[in-house]
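Q: There's a structure below that I have some questions on.
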Amino acid sequence: MSLPEGGDPWAEGWTQAVKLRQALLDGHPLPTLPYVPMRLEQGEVAHARVGVEYARFYSTNVSYRQSNGFFFGSPAFVVTGLAVNAIGNAAARSRAQAMAAAQWRERQGVDAYLTDRRILTCVAGHRWLSFWHQGIIEAAPMLEHWSLLETFQQGDPVRWTGPAAAWLAVAVIHLAYGDDQLAHHPGLAALAPSSLPGGPSAGTEHGGYEFPG
């Protein structure tokens, strides 16, 4: 993927992801947050607050109303009415099936809090959700789409998207898989120090920890 130019949040997000990955591989710890608004478990350590787009992938049940019209008149009129009625019902059924199909839902901007055990976020303004690193089946950085996709042993897939998603992907791979995966994960290969303006030396500082939402 290409690195945006001009000091925009996308370029900054990429730069911070490269710096964080290199810092972790050099043996530096993840940064910590001095304060988070929610109550954590005993011994749980908060590392970051990142502003991202949240979405979950699932199907749902959708109902629709079927019309059963009664037509009285000439045979041609009745046949036409029945045909129009059938077309309307088929269209309603197709719309309902499309709405019910598995797809990305609940898309919204959120503050995601990263800890050493999970990602916490508040959706719809009032509902706190936890996505535990221990339950991850796969964490897939999709840097070409500025996204991190997580699938779990239980629950729906979750996607985090935005300028901070690359940074979040680095941190999650480090926490959930360890530094061997951090060094060799093909989804993070593009985050080499040489991808930064100025070459490899630009990636030797520790990445920042907070991206405003």
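Quick note on naming: the chains in the structure tokens go A, B, ... in the order shown, residues restart at 1 in each chain, and ligands are numbered from 1 in order of appearance.
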For A:Gly155, list every protein, DNA or RNA residue within 12 Å, evaluated using only C-alpha atoms, and leave out those in the same chain fewer than 2 positions away; present the list as a list in words.
A: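 Here the qualifying residues turn out to be Arg56, Phe57, Tyr58, Leu129, Ser130, Phe131, Trp132, Gly135, Ile136, Ile137, Glu150, Thr151, Phe152, Gln153, Pro157 and Val158 of chain A.
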Q: What does the distance between atom CA of A:Pro186 and atom CA of A:Ala166 come to in Å, to one decimal place?
A: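 Between atom CA of A:Pro186 and atom CA of A:Ala166 the gap works out to 13.3 Å.
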Q: Need to verify the contact set: A:Ala169, 7 Å, only C-alpha atoms, exclusion of same-chain residues closer than 4 positions in sequence. Can you return it as a ChimeraX atom specification?
A: /A:141,148,165,173
Q: What gap, in Å, lies between atom CA of A:Arg159 and atom CA of A:Asp26?
A: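 Pair atom CA of A:Arg159 / atom CA of A:Asp26 returns 28.3 Å.
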Q: What does the structure give for the distance between atom CA of A:Trp128 and atom CA of A:Trp10, in Å to one decimal?
A: 26.9 Å
Q: Hey, which of A:Leu20, A:Gln103, A:Tyr54, A:Thr115 ends up closest to A:Arg39? Count only C-alpha atoms.
A: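 Of A:Leu20, A:Gln103, A:Tyr54, A:Thr115, the one nearest A:Arg39, counting only C-alpha atoms, is A:Thr115.
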Q: Nearest to A:His185: which of A:His133, A:Val52, A:Arg21, A:Ala11 is it, counting only C-alpha atoms?
A: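 Ranking A:His133, A:Val52, A:Arg21, A:Ala11 by distance to A:His185, first place goes to A:Arg21.
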Q: When you look at A:Val123 with a cut-off of 10 Å (counting only C-alpha atoms), what residues show up, excluding the ones that are within fewer than 4 positions of it in the same chain? I need them as a list of chain:residue names.
A: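 Listed by chain and then number, they are A:Tyr54, A:Ala55, A:Glu106, A:Arg107, A:Gln108, A:Gly109, A:Val110, A:Asp111, A:Ala112, A:Arg127, A:Trp128, A:Leu129.
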Q: List as number ranges by chain the protein and nucleic acid residues near A:Leu114, meaning an atom at most 6 Å away when only C-alpha atoms are counted, but skip any in the same chain fewer than 2 places from it.
A: A: 47-48, 119
Q: Let's have the selection written as a PDB file, in the first residue's frame, with C-alpha atoms.
A:
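result-v3.pdb was written with the following content:
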ATOM      1  CA  HIS A  47      -2.194   0.542  26.749  1.00  0.00           C
ATOM      2  CA  ALA A  48      -4.039   2.819  24.342  1.00  0.00           C
ATOM      3  CA  ILE A 119     -10.215  -4.330  23.346  1.00  0.00           C
TER       4      ILE A 119
END
Q: Given only C-alpha atoms as the basis, pick out the residue of A:Leu188, A:Val45, A:Met38, A:Ala124 nearest to A:Met142.
A: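 Looking only at the distances to A:Met142, the closest residue turns out to be A:Leu188.
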Q: Going by DSSP on the backbone, which bits of stretch 139-169 of chain A are helix (DSSP H, G or I)? Write them as a count of residues only, please.
A: 8
Q: Quick check for you: according to DSSP on this backbone, which residues of stretch 130-175 of chain A are classed as strand (DSSP E)? Reply as a PyMOL selection string.
A: chain A and resi 130-132+136-142+147-152+158-161
Q: Got time to write the residues from that selection, C-alpha atoms, as a PDB file, in the first residue's frame?
A:
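out.pdb was written with the following content:
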ATOM      1  CA  SER A 130     -15.103  -6.628  25.293  1.00  0.00           C
ATOM      2  CA  PHE A 131     -13.130  -8.497  22.644  1.00  0.00           C
ATOM      3  CA  TRP A 132     -10.647 -10.732  24.440  1.00  0.00           C
ATOM      4  CA  ILE A 136      -8.981 -14.739  19.045  1.00  0.00           C
ATOM      5  CA  ILE A 137      -8.890 -17.367  16.319  1.00  0.00           C
ATOM      6  CA  GLU A 138      -7.305 -14.992  13.819  1.00  0.00           C
ATOM      7  CA  ALA A 139      -6.238 -11.360  13.825  1.00  0.00           C
ATOM      8  CA  ALA A 140      -5.829 -10.326  10.191  1.00  0.00           C
ATOM      9  CA  PRO A 141      -4.262  -6.951   9.391  1.00  0.00           C
ATOM     10  CA  MET A 142      -5.728  -5.652   6.128  1.00  0.00           C
ATOM     11  CA  SER A 147      -8.391  -2.313   8.731  1.00  0.00           C
ATOM     12  CA  LEU A 148      -7.831  -5.011  11.343  1.00  0.00           C
ATOM     13  CA  LEU A 149     -10.193  -7.996  11.162  1.00  0.00           C
ATOM     14  CA  GLU A 150     -10.592 -10.194  14.246  1.00  0.00           C
ATOM     15  CA  THR A 151     -12.394 -13.543  14.358  1.00  0.00           C
ATOM     16  CA  PHE A 152     -13.095 -15.338  17.620  1.00  0.00           C
ATOM     17  CA  VAL A 158     -15.151  -7.580  14.254  1.00  0.00           C
ATOM     18  CA  ARG A 159     -13.472  -5.042  11.993  1.00  0.00           C
ATOM     19  CA  TRP A 160     -11.583  -1.933  13.113  1.00  0.00           C
ATOM     20  CA  THR A 161     -10.920   0.640  10.388  1.00  0.00           C
TER      21      THR A 161
END
Q: Need to verify the contact set: A:Leu182, 10 Å, only C-alpha atoms, exclusion of same-chain residues closer than 2 positions in sequence. Can you return it as a list in words?
A: Arg21, Gln22, Leu24, Leu25, Ala169, Val170, Ala171, Val172, Ile173, His174, Leu175, Ala176, Tyr177, Gly178, Asp179, Asp180, His184, His185, Pro186, Gly187, Leu188 and Ala189 of chain A
Q: What does the file look like for those residues with N, CA and C atoms, as a PDB file, in the first residue's frame?
A:
ATOM      1  N   ARG A  21       5.936  -0.983  15.829  1.00  0.00           N
ATOM      2  CA  ARG A  21       6.407  -2.331  15.488  1.00  0.00           C
ATOM      3  C   ARG A  21       7.908  -2.453  15.710  1.00  0.00           C
ATOM      4  N   GLN A  22       8.661  -1.452  15.240  1.00  0.00           N
ATOM      5  CA  GLN A  22      10.110  -1.514  15.403  1.00  0.00           C
ATOM      6  C   GLN A  22      10.503  -1.446  16.870  1.00  0.00           C
ATOM      7  N   LEU A  24       8.756  -2.449  19.508  1.00  0.00           N
ATOM      8  CA  LEU A  24       8.444  -3.725  20.153  1.00  0.00           C
ATOM      9  C   LEU A  24       9.464  -4.791  19.768  1.00  0.00           C
ATOM     10  N   LEU A  25       9.857  -4.826  18.507  1.00  0.00           N
ATOM     11  CA  LEU A  25      10.858  -5.796  18.069  1.00  0.00           C
ATOM     12  C   LEU A  25      12.224  -5.514  18.686  1.00  0.00           C
ATOM     13  N   ALA A 169      -3.332  -2.943  14.866  1.00  0.00           N
ATOM     14  CA  ALA A 169      -2.970  -4.275  14.383  1.00  0.00           C
ATOM     15  C   ALA A 169      -1.624  -4.715  14.943  1.00  0.00           C
ATOM     16  N   VAL A 170      -0.656  -3.825  14.940  1.00  0.00           N
ATOM     17  CA  VAL A 170       0.664  -4.145  15.500  1.00  0.00           C
ATOM     18  C   VAL A 170       0.541  -4.524  16.966  1.00  0.00           C
ATOM     19  N   ALA A 171      -0.190  -3.716  17.729  1.00  0.00           N
ATOM     20  CA  ALA A 171      -0.318  -3.968  19.164  1.00  0.00           C
ATOM     21  C   ALA A 171      -1.053  -5.272  19.446  1.00  0.00           C
ATOM     22  N   VAL A 172      -2.117  -5.555  18.704  1.00  0.00           N
ATOM     23  CA  VAL A 172      -2.892  -6.780  18.933  1.00  0.00           C
ATOM     24  C   VAL A 172      -2.077  -8.019  18.566  1.00  0.00           C
ATOM     25  N   ILE A 173      -1.357  -7.978  17.448  1.00  0.00           N
ATOM     26  CA  ILE A 173      -0.510  -9.117  17.078  1.00  0.00           C
ATOM     27  C   ILE A 173       0.539  -9.353  18.158  1.00  0.00           C
ATOM     28  N   HIS A 174       1.125  -8.306  18.672  1.00  0.00           N
ATOM     29  CA  HIS A 174       2.117  -8.413  19.751  1.00  0.00           C
ATOM     30  C   HIS A 174       1.511  -9.053  20.994  1.00  0.00           C
ATOM     31  N   LEU A 175       0.323  -8.621  21.385  1.00  0.00           N
ATOM     32  CA  LEU A 175      -0.304  -9.115  22.610  1.00  0.00           C
ATOM     33  C   LEU A 175      -0.872 -10.519  22.447  1.00  0.00           C
ATOM     34  N   ALA A 176      -1.473 -10.805  21.307  1.00  0.00           N
ATOM     35  CA  ALA A 176      -2.173 -12.078  21.121  1.00  0.00           C
ATOM     36  C   ALA A 176      -1.267 -13.196  20.615  1.00  0.00           C
ATOM     37  N   TYR A 177      -0.228 -12.845  19.858  1.00  0.00           N
ATOM     38  CA  TYR A 177       0.605 -13.858  19.205  1.00  0.00           C
ATOM     39  C   TYR A 177       2.051 -13.863  19.691  1.00  0.00           C
ATOM     40  N   GLY A 178       2.563 -12.700  20.091  1.00  0.00           N
ATOM     41  CA  GLY A 178       3.965 -12.605  20.470  1.00  0.00           C
ATOM     42  C   GLY A 178       4.813 -11.992  19.372  1.00  0.00           C
ATOM     43  N   ASP A 179       6.062 -11.708  19.716  1.00  0.00           N
ATOM     44  CA  ASP A 179       6.918 -10.955  18.809  1.00  0.00           C
ATOM     45  C   ASP A 179       7.426 -11.765  17.622  1.00  0.00           C
ATOM     46  N   ASP A 180       7.423 -13.102  17.715  1.00  0.00           N
ATOM     47  CA  ASP A 180       7.818 -13.883  16.547  1.00  0.00           C
ATOM     48  C   ASP A 180       6.830 -13.653  15.409  1.00  0.00           C
ATOM     49  N   HIS A 184       7.182 -11.708  11.651  1.00  0.00           N
ATOM     50  CA  HIS A 184       7.037 -12.489  10.427  1.00  0.00           C
ATOM     51  C   HIS A 184       5.623 -12.510   9.841  1.00  0.00           C
ATOM     52  N   HIS A 185       4.666 -11.877  10.498  1.00  0.00           N
ATOM     53  CA  HIS A 185       3.299 -11.887   9.976  1.00  0.00           C
ATOM     54  C   HIS A 185       3.269 -11.198   8.616  1.00  0.00           C
ATOM     55  N   PRO A 186       2.816 -11.895   7.562  1.00  0.00           N
ATOM     56  CA  PRO A 186       2.822 -11.271   6.228  1.00  0.00           C
ATOM     57  C   PRO A 186       1.924 -10.048   6.127  1.00  0.00           C
ATOM     58  N   GLY A 187       0.892  -9.985   6.978  1.00  0.00           N
ATOM     59  CA  GLY A 187       0.007  -8.837   6.939  1.00  0.00           C
ATOM     60  C   GLY A 187       0.632  -7.562   7.453  1.00  0.00           C
ATOM     61  N   LEU A 188       1.793  -7.688   8.134  1.00  0.00           N
ATOM     62  CA  LEU A 188       2.492  -6.517   8.664  1.00  0.00           C
ATOM     63  C   LEU A 188       3.784  -6.223   7.915  1.00  0.00           C
ATOM     64  N   ALA A 189       4.057  -6.989   6.869  1.00  0.00           N
ATOM     65  CA  ALA A 189       5.330  -6.848   6.163  1.00  0.00           C
ATOM     66  C   ALA A 189       5.520  -5.448   5.583  1.00  0.00           C
TER      67      ALA A 189
END
